[in-house]
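Structure file protein38.cif with mmCIF, N, CA, C and O atoms:
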data_coords
loop_
_atom_site.label_atom_id
_atom_site.label_comp_id
_atom_site.auth_asym_id
_atom_site.auth_seq_id
_atom_site.Cartn_x
_atom_site.Cartn_y
_atom_site.Cartn_z
N MET A 1 134.96 81.90 131.94
CA MET A 1 135.22 81.45 133.31
C MET A 1 134.18 82.10 134.23
O MET A 1 133.97 83.31 134.17
N PRO A 2 133.53 81.33 135.06
CA PRO A 2 132.53 81.91 135.97
C PRO A 2 133.19 82.69 137.10
O PRO A 2 134.37 82.51 137.40
N VAL A 3 132.41 83.54 137.73
CA VAL A 3 132.87 84.29 138.90
C VAL A 3 133.00 83.30 140.07
O VAL A 3 132.12 82.49 140.31
N VAL A 4 134.12 83.40 140.78
CA VAL A 4 134.41 82.51 141.90
C VAL A 4 134.28 83.30 143.20
O VAL A 4 134.70 84.46 143.28
N TYR A 5 133.71 82.68 144.22
CA TYR A 5 133.54 83.35 145.51
C TYR A 5 134.80 83.21 146.36
O TYR A 5 135.38 82.14 146.46
N ILE A 6 135.18 84.31 146.99
CA ILE A 6 136.28 84.33 147.95
C ILE A 6 135.66 84.10 149.33
O ILE A 6 134.70 84.78 149.69
N THR A 7 136.21 83.15 150.08
CA THR A 7 135.59 82.75 151.34
C THR A 7 136.42 83.03 152.60
O THR A 7 135.97 82.73 153.70
N SER A 8 137.62 83.58 152.43
CA SER A 8 138.46 83.87 153.60
C SER A 8 139.54 84.87 153.24
O SER A 8 139.81 85.12 152.05
N MET A 9 140.18 85.42 154.25
CA MET A 9 141.31 86.34 154.03
C MET A 9 142.45 85.62 153.32
O MET A 9 143.07 86.16 152.41
N ALA A 10 142.72 84.38 153.71
CA ALA A 10 143.79 83.60 153.07
C ALA A 10 143.46 83.36 151.59
O ALA A 10 144.35 83.46 150.73
N ASP A 11 142.22 83.07 151.31
CA ASP A 11 141.77 82.88 149.93
C ASP A 11 141.98 84.17 149.13
O ASP A 11 142.52 84.15 148.02
N PHE A 12 141.60 85.30 149.69
CA PHE A 12 141.78 86.60 149.04
C PHE A 12 143.25 86.85 148.74
O PHE A 12 143.62 87.22 147.62
N GLU A 13 144.11 86.65 149.73
CA GLU A 13 145.55 86.88 149.56
C GLU A 13 146.12 85.99 148.45
O GLU A 13 146.92 86.43 147.63
N SER A 14 145.70 84.76 148.42
CA SER A 14 146.16 83.83 147.39
C SER A 14 145.71 84.27 146.01
O SER A 14 146.49 84.26 145.05
N VAL A 15 144.47 84.68 145.89
CA VAL A 15 143.88 85.07 144.61
C VAL A 15 144.57 86.29 144.02
O VAL A 15 144.91 86.31 142.84
N ILE A 16 144.80 87.31 144.83
CA ILE A 16 145.34 88.56 144.27
C ILE A 16 146.82 88.46 143.89
O ILE A 16 147.31 89.30 143.15
N HIS A 17 147.50 87.44 144.35
CA HIS A 17 148.91 87.28 144.03
C HIS A 17 149.16 86.36 142.84
O HIS A 17 150.29 85.94 142.59
N GLY A 18 148.12 86.07 142.07
CA GLY A 18 148.28 85.24 140.89
C GLY A 18 148.99 85.98 139.76
O GLY A 18 149.33 87.16 139.89
N THR A 19 149.18 85.30 138.67
CA THR A 19 149.92 85.90 137.55
C THR A 19 149.00 86.63 136.56
O THR A 19 149.48 87.43 135.77
N ARG A 20 147.71 86.36 136.61
CA ARG A 20 146.77 87.03 135.71
C ARG A 20 146.07 88.18 136.43
O ARG A 20 145.98 88.17 137.66
N PRO A 21 145.57 89.17 135.68
CA PRO A 21 144.80 90.25 136.32
C PRO A 21 143.58 89.69 137.04
O PRO A 21 142.91 88.79 136.55
N VAL A 22 143.30 90.26 138.20
CA VAL A 22 142.20 89.80 139.05
C VAL A 22 141.28 90.99 139.33
O VAL A 22 141.74 92.06 139.71
N ILE A 23 139.98 90.77 139.17
CA ILE A 23 138.99 91.79 139.51
C ILE A 23 138.08 91.20 140.59
O ILE A 23 137.50 90.13 140.40
N VAL A 24 137.99 91.90 141.71
CA VAL A 24 137.20 91.42 142.84
C VAL A 24 136.01 92.36 143.04
O VAL A 24 136.18 93.58 143.14
N GLU A 25 134.82 91.77 143.08
CA GLU A 25 133.60 92.52 143.37
C GLU A 25 133.27 92.35 144.85
O GLU A 25 133.13 91.23 145.34
N PHE A 26 133.15 93.46 145.56
CA PHE A 26 132.72 93.45 146.96
C PHE A 26 131.23 93.77 146.95
O PHE A 26 130.81 94.79 146.41
N TRP A 27 130.44 92.88 147.56
CA TRP A 27 128.99 93.03 147.52
C TRP A 27 128.36 92.45 148.77
O TRP A 27 129.05 91.90 149.62
N ALA A 28 127.05 92.59 148.87
CA ALA A 28 126.28 91.99 149.97
C ALA A 28 124.91 91.60 149.43
O ALA A 28 124.38 92.26 148.52
N GLU A 29 124.34 90.56 149.98
CA GLU A 29 123.04 90.06 149.53
C GLU A 29 121.95 91.12 149.65
O GLU A 29 121.07 91.22 148.81
N TRP A 30 122.00 91.95 150.68
CA TRP A 30 120.98 92.96 150.92
C TRP A 30 121.11 94.18 150.02
O TRP A 30 120.22 95.03 149.97
N CYS A 31 122.19 94.29 149.28
CA CYS A 31 122.49 95.46 148.44
C CYS A 31 121.82 95.31 147.07
O CYS A 31 122.30 94.55 146.23
N THR A 32 120.73 96.04 146.85
CA THR A 32 120.00 95.89 145.58
C THR A 32 120.80 96.39 144.38
O THR A 32 120.74 95.79 143.31
N THR A 33 121.57 97.46 144.54
CA THR A 33 122.39 97.92 143.42
C THR A 33 123.50 96.92 143.10
O THR A 33 123.90 96.79 141.95
N CYS A 34 123.97 96.21 144.12
CA CYS A 34 124.98 95.17 143.89
C CYS A 34 124.42 94.08 142.98
O CYS A 34 125.08 93.63 142.05
N ARG A 35 123.21 93.67 143.27
CA ARG A 35 122.60 92.59 142.48
C ARG A 35 122.40 92.99 141.03
O ARG A 35 122.58 92.17 140.13
N SER A 36 122.05 94.25 140.79
CA SER A 36 121.83 94.68 139.41
C SER A 36 123.12 94.69 138.60
O SER A 36 123.14 94.28 137.44
N VAL A 37 124.22 95.12 139.18
CA VAL A 37 125.49 95.17 138.45
C VAL A 37 126.20 93.82 138.47
O VAL A 37 127.04 93.55 137.62
N SER A 38 125.84 92.94 139.39
CA SER A 38 126.46 91.61 139.45
C SER A 38 126.19 90.80 138.18
O SER A 38 127.03 90.02 137.75
N GLN A 39 125.04 91.02 137.58
CA GLN A 39 124.72 90.31 136.33
C GLN A 39 125.70 90.71 135.22
O GLN A 39 126.16 89.87 134.46
N ILE A 40 126.01 92.00 135.16
CA ILE A 40 126.99 92.48 134.17
C ILE A 40 128.36 91.90 134.48
O ILE A 40 129.09 91.48 133.58
N PHE A 41 128.72 91.87 135.75
CA PHE A 41 130.01 91.32 136.17
C PHE A 41 130.12 89.85 135.75
O PHE A 41 131.15 89.42 135.23
N ASP A 42 129.04 89.09 135.93
CA ASP A 42 129.01 87.68 135.51
C ASP A 42 129.21 87.55 134.00
O ASP A 42 129.95 86.68 133.53
N GLN A 43 128.57 88.42 133.24
CA GLN A 43 128.70 88.38 131.78
C GLN A 43 130.13 88.73 131.35
O GLN A 43 130.69 88.09 130.46
N LEU A 44 130.71 89.73 131.98
CA LEU A 44 132.09 90.11 131.66
C LEU A 44 133.06 88.97 131.97
O LEU A 44 133.99 88.71 131.20
N ALA A 45 132.83 88.27 133.06
CA ALA A 45 133.68 87.13 133.42
C ALA A 45 133.60 86.05 132.35
O ALA A 45 134.62 85.46 131.97
N ALA A 46 132.41 85.80 131.86
CA ALA A 46 132.22 84.76 130.83
C ALA A 46 132.86 85.16 129.50
O ALA A 46 133.34 84.31 128.75
N GLN A 47 132.90 86.45 129.22
CA GLN A 47 133.40 86.94 127.94
C GLN A 47 134.90 87.20 127.92
O GLN A 47 135.48 87.37 126.85
N HIS A 48 135.54 87.25 129.07
CA HIS A 48 136.95 87.65 129.14
C HIS A 48 137.78 86.65 129.94
O HIS A 48 138.13 86.89 131.10
N PRO A 49 138.15 85.55 129.32
CA PRO A 49 138.93 84.52 130.03
C PRO A 49 140.37 84.94 130.35
O PRO A 49 141.05 84.24 131.09
N ALA A 50 140.82 86.07 129.84
CA ALA A 50 142.18 86.53 130.14
C ALA A 50 142.32 87.02 131.58
O ALA A 50 143.42 87.09 132.12
N GLY A 51 141.19 87.35 132.20
CA GLY A 51 141.22 87.82 133.59
C GLY A 51 140.58 86.80 134.51
O GLY A 51 139.96 85.83 134.07
N GLU A 52 140.72 87.05 135.80
CA GLU A 52 140.08 86.22 136.80
C GLU A 52 139.10 87.11 137.57
O GLU A 52 139.46 88.21 138.00
N PHE A 53 137.88 86.64 137.73
CA PHE A 53 136.80 87.42 138.33
C PHE A 53 136.34 86.73 139.62
O PHE A 53 136.03 85.54 139.62
N TYR A 54 136.30 87.53 140.70
CA TYR A 54 135.94 86.99 142.00
C TYR A 54 134.90 87.88 142.66
O TYR A 54 134.82 89.08 142.39
N ARG A 55 134.13 87.29 143.56
CA ARG A 55 133.10 88.01 144.32
C ARG A 55 133.34 87.72 145.79
O ARG A 55 133.58 86.58 146.18
N LEU A 56 133.25 88.78 146.60
CA LEU A 56 133.45 88.64 148.04
C LEU A 56 132.25 89.26 148.75
O LEU A 56 131.97 90.44 148.58
N ASP A 57 131.54 88.44 149.52
CA ASP A 57 130.40 88.91 150.31
C ASP A 57 130.94 89.53 151.58
O ASP A 57 131.54 88.84 152.41
N ILE A 58 130.72 90.83 151.75
CA ILE A 58 131.30 91.53 152.90
C ILE A 58 130.71 91.09 154.23
O ILE A 58 131.32 91.33 155.27
N GLU A 59 129.57 90.44 154.20
CA GLU A 59 128.95 89.93 155.43
C GLU A 59 129.59 88.61 155.86
O GLU A 59 129.59 88.27 157.03
N GLU A 60 130.13 87.87 154.91
CA GLU A 60 130.72 86.56 155.22
C GLU A 60 132.21 86.62 155.47
O GLU A 60 132.76 85.80 156.20
N VAL A 61 132.90 87.55 154.83
CA VAL A 61 134.36 87.68 154.97
C VAL A 61 134.65 89.13 155.36
O VAL A 61 135.16 89.91 154.58
N ARG A 62 134.30 89.48 156.57
CA ARG A 62 134.36 90.86 157.04
C ARG A 62 135.77 91.44 157.13
O ARG A 62 135.96 92.64 156.97
N GLU A 63 136.76 90.61 157.41
CA GLU A 63 138.10 91.15 157.63
C GLU A 63 138.72 91.76 156.38
O GLU A 63 139.51 92.70 156.47
N VAL A 64 138.38 91.26 155.21
CA VAL A 64 138.97 91.79 153.97
C VAL A 64 138.49 93.22 153.70
O VAL A 64 139.32 94.13 153.55
N PRO A 65 137.18 93.48 153.63
CA PRO A 65 136.76 94.87 153.38
C PRO A 65 137.18 95.82 154.49
O PRO A 65 137.49 96.99 154.22
N LEU A 66 137.23 95.35 155.72
CA LEU A 66 137.70 96.20 156.82
C LEU A 66 139.16 96.59 156.62
O LEU A 66 139.54 97.74 156.78
N ALA A 67 139.98 95.62 156.25
CA ALA A 67 141.41 95.88 156.04
C ALA A 67 141.65 96.80 154.84
O ALA A 67 142.59 97.60 154.85
N LEU A 68 140.78 96.73 153.84
CA LEU A 68 140.95 97.53 152.63
C LEU A 68 140.20 98.85 152.66
O LEU A 68 140.31 99.66 151.74
N GLY A 69 139.39 99.07 153.68
CA GLY A 69 138.64 100.31 153.78
C GLY A 69 137.46 100.40 152.84
O GLY A 69 137.08 101.50 152.44
N VAL A 70 136.87 99.27 152.48
CA VAL A 70 135.69 99.28 151.61
C VAL A 70 134.51 99.78 152.44
O VAL A 70 134.13 99.16 153.42
N ARG A 71 133.94 100.92 152.03
CA ARG A 71 132.86 101.53 152.79
C ARG A 71 131.55 101.60 152.01
O ARG A 71 130.49 101.76 152.59
N ASN A 72 131.64 101.56 150.69
CA ASN A 72 130.45 101.66 149.85
C ASN A 72 130.38 100.46 148.90
O ASN A 72 131.41 99.94 148.48
N LEU A 73 129.14 100.09 148.58
CA LEU A 73 128.91 98.95 147.71
C LEU A 73 128.08 99.35 146.50
O LEU A 73 127.28 100.27 146.62
N PRO A 74 128.25 98.64 145.42
CA PRO A 74 129.31 97.66 145.18
C PRO A 74 130.65 98.35 144.97
O PRO A 74 130.71 99.53 144.63
N ALA A 75 131.70 97.61 145.19
CA ALA A 75 133.05 98.11 144.95
C ALA A 75 133.82 97.05 144.17
O ALA A 75 133.63 95.85 144.40
N PHE A 76 134.65 97.49 143.26
CA PHE A 76 135.45 96.59 142.44
C PHE A 76 136.90 97.02 142.57
O PHE A 76 137.22 98.20 142.45
N LYS A 77 137.76 96.05 142.84
CA LYS A 77 139.19 96.33 142.95
C LYS A 77 139.94 95.41 141.98
O LYS A 77 139.60 94.24 141.85
N VAL A 78 140.95 95.98 141.34
CA VAL A 78 141.73 95.26 140.35
C VAL A 78 143.14 95.06 140.88
O VAL A 78 143.77 96.01 141.36
N TYR A 79 143.63 93.84 140.76
CA TYR A 79 144.98 93.49 141.23
C TYR A 79 145.78 92.80 140.14
O TYR A 79 145.24 92.01 139.37
N VAL A 80 147.06 93.13 140.10
CA VAL A 80 148.00 92.42 139.25
C VAL A 80 149.20 92.08 140.12
O VAL A 80 149.83 92.98 140.69
N LYS A 81 149.46 90.80 140.27
CA LYS A 81 150.58 90.31 141.09
C LYS A 81 150.59 90.92 142.49
O LYS A 81 151.62 91.32 143.00
N GLY A 82 149.41 91.02 143.10
CA GLY A 82 149.30 91.47 144.47
C GLY A 82 149.21 92.98 144.66
O GLY A 82 149.02 93.45 145.78
N VAL A 83 149.31 93.75 143.58
CA VAL A 83 149.26 95.21 143.67
C VAL A 83 147.93 95.70 143.12
O VAL A 83 147.54 95.33 142.01
N GLN A 84 147.25 96.54 143.90
CA GLN A 84 146.00 97.11 143.41
C GLN A 84 146.31 98.17 142.37
O GLN A 84 147.04 99.12 142.62
N ILE A 85 145.73 98.00 141.17
CA ILE A 85 146.00 98.93 140.08
C ILE A 85 144.75 99.68 139.62
O ILE A 85 144.84 100.56 138.76
N GLY A 86 143.60 99.33 140.16
CA GLY A 86 142.38 100.00 139.75
C GLY A 86 141.28 99.79 140.75
O GLY A 86 141.34 98.89 141.59
N GLU A 87 140.24 100.65 140.64
CA GLU A 87 139.13 100.57 141.58
C GLU A 87 137.93 101.30 140.98
O GLU A 87 138.07 102.28 140.27
N LEU A 88 136.77 100.79 141.30
CA LEU A 88 135.51 101.44 140.95
C LEU A 88 134.56 101.25 142.12
O LEU A 88 134.41 100.14 142.63
N VAL A 89 133.92 102.34 142.54
CA VAL A 89 132.92 102.26 143.59
C VAL A 89 131.60 102.72 142.99
O VAL A 89 131.53 103.79 142.38
N GLY A 90 130.59 101.89 143.13
CA GLY A 90 129.28 102.22 142.61
C GLY A 90 128.84 101.26 141.52
O GLY A 90 129.60 100.40 141.08
N ALA A 91 127.60 101.44 141.10
CA ALA A 91 126.97 100.50 140.16
C ALA A 91 126.89 101.06 138.75
O ALA A 91 125.94 100.81 138.03
N ASP A 92 127.90 101.80 138.33
CA ASP A 92 127.92 102.36 136.99
C ASP A 92 128.40 101.28 136.01
O ASP A 92 129.58 100.95 135.95
N GLN A 93 127.47 100.72 135.26
CA GLN A 93 127.78 99.61 134.37
C GLN A 93 128.78 100.00 133.29
O GLN A 93 129.68 99.22 132.96
N THR A 94 128.67 101.20 132.76
CA THR A 94 129.60 101.66 131.73
C THR A 94 131.02 101.73 132.28
O THR A 94 131.97 101.30 131.63
N GLN A 95 131.16 102.27 133.49
CA GLN A 95 132.48 102.36 134.10
C GLN A 95 133.05 100.98 134.43
O GLN A 95 134.26 100.76 134.32
N LEU A 96 132.19 100.05 134.82
CA LEU A 96 132.65 98.69 135.09
C LEU A 96 133.19 98.04 133.82
O LEU A 96 134.25 97.43 133.83
N ILE A 97 132.48 98.20 132.73
CA ILE A 97 132.94 97.65 131.45
C ILE A 97 134.28 98.28 131.07
O ILE A 97 135.21 97.57 130.66
N ARG A 98 134.40 99.59 131.22
CA ARG A 98 135.67 100.27 130.92
C ARG A 98 136.81 99.74 131.80
O ARG A 98 137.93 99.56 131.34
N LEU A 99 136.51 99.54 133.08
CA LEU A 99 137.53 99.04 134.01
C LEU A 99 138.04 97.67 133.56
O LEU A 99 139.24 97.42 133.54
N VAL A 100 137.12 96.80 133.17
CA VAL A 100 137.51 95.45 132.73
C VAL A 100 138.34 95.54 131.45
O VAL A 100 139.41 94.93 131.36
N TYR A 101 137.90 96.32 130.47
CA TYR A 101 138.64 96.42 129.21
C TYR A 101 140.01 97.05 129.44
O TYR A 101 141.01 96.59 128.88
N LYS A 102 140.07 98.08 130.26
CA LYS A 102 141.35 98.72 130.56
C LYS A 102 142.30 97.74 131.25
O LYS A 102 143.49 97.67 130.92
N THR A 103 141.79 96.96 132.17
CA THR A 103 142.60 95.99 132.89
C THR A 103 143.15 94.91 131.97
O THR A 103 144.32 94.54 132.03
N LEU A 104 142.31 94.40 131.10
CA LEU A 104 142.70 93.26 130.28
C LEU A 104 143.42 93.67 129.00
O LEU A 104 143.97 92.80 128.31
N ASP A 105 143.46 94.95 128.69
CA ASP A 105 144.21 95.43 127.53
C ASP A 105 145.61 95.88 127.89
O ASP A 105 146.29 96.50 127.10
N MET A 106 146.04 95.58 129.10
CA MET A 106 147.35 96.04 129.58
C MET A 106 148.48 95.48 128.75
O MET A 106 148.56 94.42 128.33
#
Show me the file's structure as structure tokens.
Amino acid sequence: MPVVYITSMADFESVIHGTRPVIVEFWAEWCTTCRSVSQIFDQLAAQHPAGEFYRLDIEEVREVPLALGVRNLPAFKVYVKGVQIGELVGADQTQLIRLVYKTLDM
């Protein structure tokens, strides 16, 4: 399953309340470290259909990162049925892979 873009606060709220685990990448076009780890995120999404993978551009949907206190990029948040159960801040590819495996092995 490809990574899907979140385009509004309503979209975000709808996505995180689904029945499957959801991983959201917070990024920005100007963030070079975001772009480097985004490729890994895309690969993980393609390899793990048990989860849902989303990307949110903080410049286009500002209210979501403001409401969640996202201050550093890239940031990844994991949700199950509307509850945040995990988080990773930074471009550590090994930690991102661990986060995905931990989330989907629940």
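Note that CA of Phe26 in chain A and atom N of Ala75 in chain A are 4.6 Å apart.
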**OP:** With the file shown as input, list the residues that the PyMOL selection byres ((chain A and resi 4) around 5) selects, as a PyMOL selection string.
**Re:** chain A and resi 2-3+5-6+53-55
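Near Cys34 in chain A, within a cut-off of 6 Å and counting only N, CA, C and O atoms, sit the residues Trp27, Ala28, Ser38, Gln39, Leu73 and Pro74 of chain A, with same-chain residues fewer than 4 positions away left out.
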**OP:** Identify, on the basis of all atoms listed in the file, every residue whose closest approach to Gln84 in chain A does not exceed 8 Å; exclude the query and any residue fewer than 4 positions from it along the same chain; express the result as a ChimeraX atom specification.
**Re:** /A:16,22,77-80
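Between CA of His17 in chain A and CA of Trp30 in chain A the interatomic distance comes to 29.3 Å.
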**OP:** Assign secondary structure with DSSP using the backbone only, and return the residues of chain A in helix (DSSP H, G or I) as a ChimeraX atom specification.
**Re:** /A:9-16,32-47,63-68,93-104
Subject >> Selection near Glu63 in chain A, 8 Å with only N, CA, C and O atoms, sequence-local residues under 6 positions removed, as number ranges by chain >> reply: A: 8-9, 57, 69
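The gap separating atom O of Ala67 in chain A from atom N of Tyr101 in chain A is 24.9 Å, in Å to one decimal.
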Subject >> Counting only C-alpha atoms, the residue of A:Asn72, A:Pro65, A:Glu13, A:Gly86 that sits nearest Arg98 in chain A >> reply: A:Gly86
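You can rank A:Thr19, A:Thr33, A:Ser14, A:Glu25 by their closest distance to Leu56 in chain A using only N, CA, C and O atoms, and at the top of that list sits A:Glu25.
Residue nearest Thr32 in chain A, chosen from A:Ile97, A:Leu104, A:Ala91, A:Ala46 and counting only C-alpha atoms: A:Ala91.
Across A:Phe41, A:Met1, A:Gly82, A:Glu29, the tightest approach to Ile58 in chain A is made by A:Glu29 when counting all atoms listed in the file.
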Which residues in chain A does DSSP call strand (DSSP E)? List them as a short mmCIF file (atom, residue, chain, number, x, y, z; two decimals) with N, CA, C and O atoms, keeping the file's coordinate frame.
data_model
loop_
_atom_site.label_atom_id
_atom_site.label_comp_id
_atom_site.auth_asym_id
_atom_site.auth_seq_id
_atom_site.Cartn_x
_atom_site.Cartn_y
_atom_site.Cartn_z
N VAL A 4 134.12 83.40 140.78
CA VAL A 4 134.41 82.51 141.90
C VAL A 4 134.28 83.30 143.20
O VAL A 4 134.70 84.46 143.28
N TYR A 5 133.71 82.68 144.22
CA TYR A 5 133.54 83.35 145.51
C TYR A 5 134.80 83.21 146.36
O TYR A 5 135.38 82.14 146.46
N VAL A 22 143.30 90.26 138.20
CA VAL A 22 142.20 89.80 139.05
C VAL A 22 141.28 90.99 139.33
O VAL A 22 141.74 92.06 139.71
N ILE A 23 139.98 90.77 139.17
CA ILE A 23 138.99 91.79 139.51
C ILE A 23 138.08 91.20 140.59
O ILE A 23 137.50 90.13 140.40
N VAL A 24 137.99 91.90 141.71
CA VAL A 24 137.20 91.42 142.84
C VAL A 24 136.01 92.36 143.04
O VAL A 24 136.18 93.58 143.14
N GLU A 25 134.82 91.77 143.08
CA GLU A 25 133.60 92.52 143.37
C GLU A 25 133.27 92.35 144.85
O GLU A 25 133.13 91.23 145.34
N PHE A 26 133.15 93.46 145.56
CA PHE A 26 132.72 93.45 146.96
C PHE A 26 131.23 93.77 146.95
O PHE A 26 130.81 94.79 146.41
N TRP A 27 130.44 92.88 147.56
CA TRP A 27 128.99 93.03 147.52
C TRP A 27 128.36 92.45 148.77
O TRP A 27 129.05 91.90 149.62
N GLU A 52 140.72 87.05 135.80
CA GLU A 52 140.08 86.22 136.80
C GLU A 52 139.10 87.11 137.57
O GLU A 52 139.46 88.21 138.00
N PHE A 53 137.88 86.64 137.73
CA PHE A 53 136.80 87.42 138.33
C PHE A 53 136.34 86.73 139.62
O PHE A 53 136.03 85.54 139.62
N TYR A 54 136.30 87.53 140.70
CA TYR A 54 135.94 86.99 142.00
C TYR A 54 134.90 87.88 142.66
O TYR A 54 134.82 89.08 142.39
N ARG A 55 134.13 87.29 143.56
CA ARG A 55 133.10 88.01 144.32
C ARG A 55 133.34 87.72 145.79
O ARG A 55 133.58 86.58 146.18
N LEU A 56 133.25 88.78 146.60
CA LEU A 56 133.45 88.64 148.04
C LEU A 56 132.25 89.26 148.75
O LEU A 56 131.97 90.44 148.58
N ASP A 57 131.54 88.44 149.52
CA ASP A 57 130.40 88.91 150.31
C ASP A 57 130.94 89.53 151.58
O ASP A 57 131.54 88.84 152.41
N ALA A 75 131.70 97.61 145.19
CA ALA A 75 133.05 98.11 144.95
C ALA A 75 133.82 97.05 144.17
O ALA A 75 133.63 95.85 144.40
N PHE A 76 134.65 97.49 143.26
CA PHE A 76 135.45 96.59 142.44
C PHE A 76 136.90 97.02 142.57
O PHE A 76 137.22 98.20 142.45
N LYS A 77 137.76 96.05 142.84
CA LYS A 77 139.19 96.33 142.95
C LYS A 77 139.94 95.41 141.98
O LYS A 77 139.60 94.24 141.85
N VAL A 78 140.95 95.98 141.34
CA VAL A 78 141.73 95.26 140.35
C VAL A 78 143.14 95.06 140.88
O VAL A 78 143.77 96.01 141.36
N TYR A 79 143.63 93.84 140.76
CA TYR A 79 144.98 93.49 141.23
C TYR A 79 145.78 92.80 140.14
O TYR A 79 145.24 92.01 139.37
N VAL A 80 147.06 93.13 140.10
CA VAL A 80 148.00 92.42 139.25
C VAL A 80 149.20 92.08 140.12
O VAL A 80 149.83 92.98 140.69
N VAL A 83 149.31 93.75 143.58
CA VAL A 83 149.26 95.21 143.67
C VAL A 83 147.93 95.70 143.12
O VAL A 83 147.54 95.33 142.01
N GLN A 84 147.25 96.54 143.90
CA GLN A 84 146.00 97.11 143.41
C GLN A 84 146.31 98.17 142.37
O GLN A 84 147.04 99.12 142.62
N ILE A 85 145.73 98.00 141.17
CA ILE A 85 146.00 98.93 140.08
C ILE A 85 144.75 99.68 139.62
O ILE A 85 144.84 100.56 138.76
N GLY A 86 143.60 99.33 140.16
CA GLY A 86 142.38 100.00 139.75
C GLY A 86 141.28 99.79 140.75
O GLY A 86 141.34 98.89 141.59
N GLU A 87 140.24 100.65 140.64
CA GLU A 87 139.13 100.57 141.58
C GLU A 87 137.93 101.30 140.98
O GLU A 87 138.07 102.28 140.27
N LEU A 88 136.77 100.79 141.30
CA LEU A 88 135.51 101.44 140.95
C LEU A 88 134.56 101.25 142.12
O LEU A 88 134.41 100.14 142.63
N VAL A 89 133.92 102.34 142.54
CA VAL A 89 132.92 102.26 143.59
C VAL A 89 131.60 102.72 142.99
O VAL A 89 131.53 103.79 142.38
#
Subject >> Contact residues around Pro49 in chain A with all atoms listed in the file at 8 Å, ignoring same-chain residues under 6 positions, as a ChimeraX atom specification >> reply: /A:1,20-21,43
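Minimum atom-to-atom distance to Asp92 in chain A, evaluated using only C-alpha atoms, belongs to A:Ile40 out of A:Ala50, A:Val24, A:Val15, A:Ile40.
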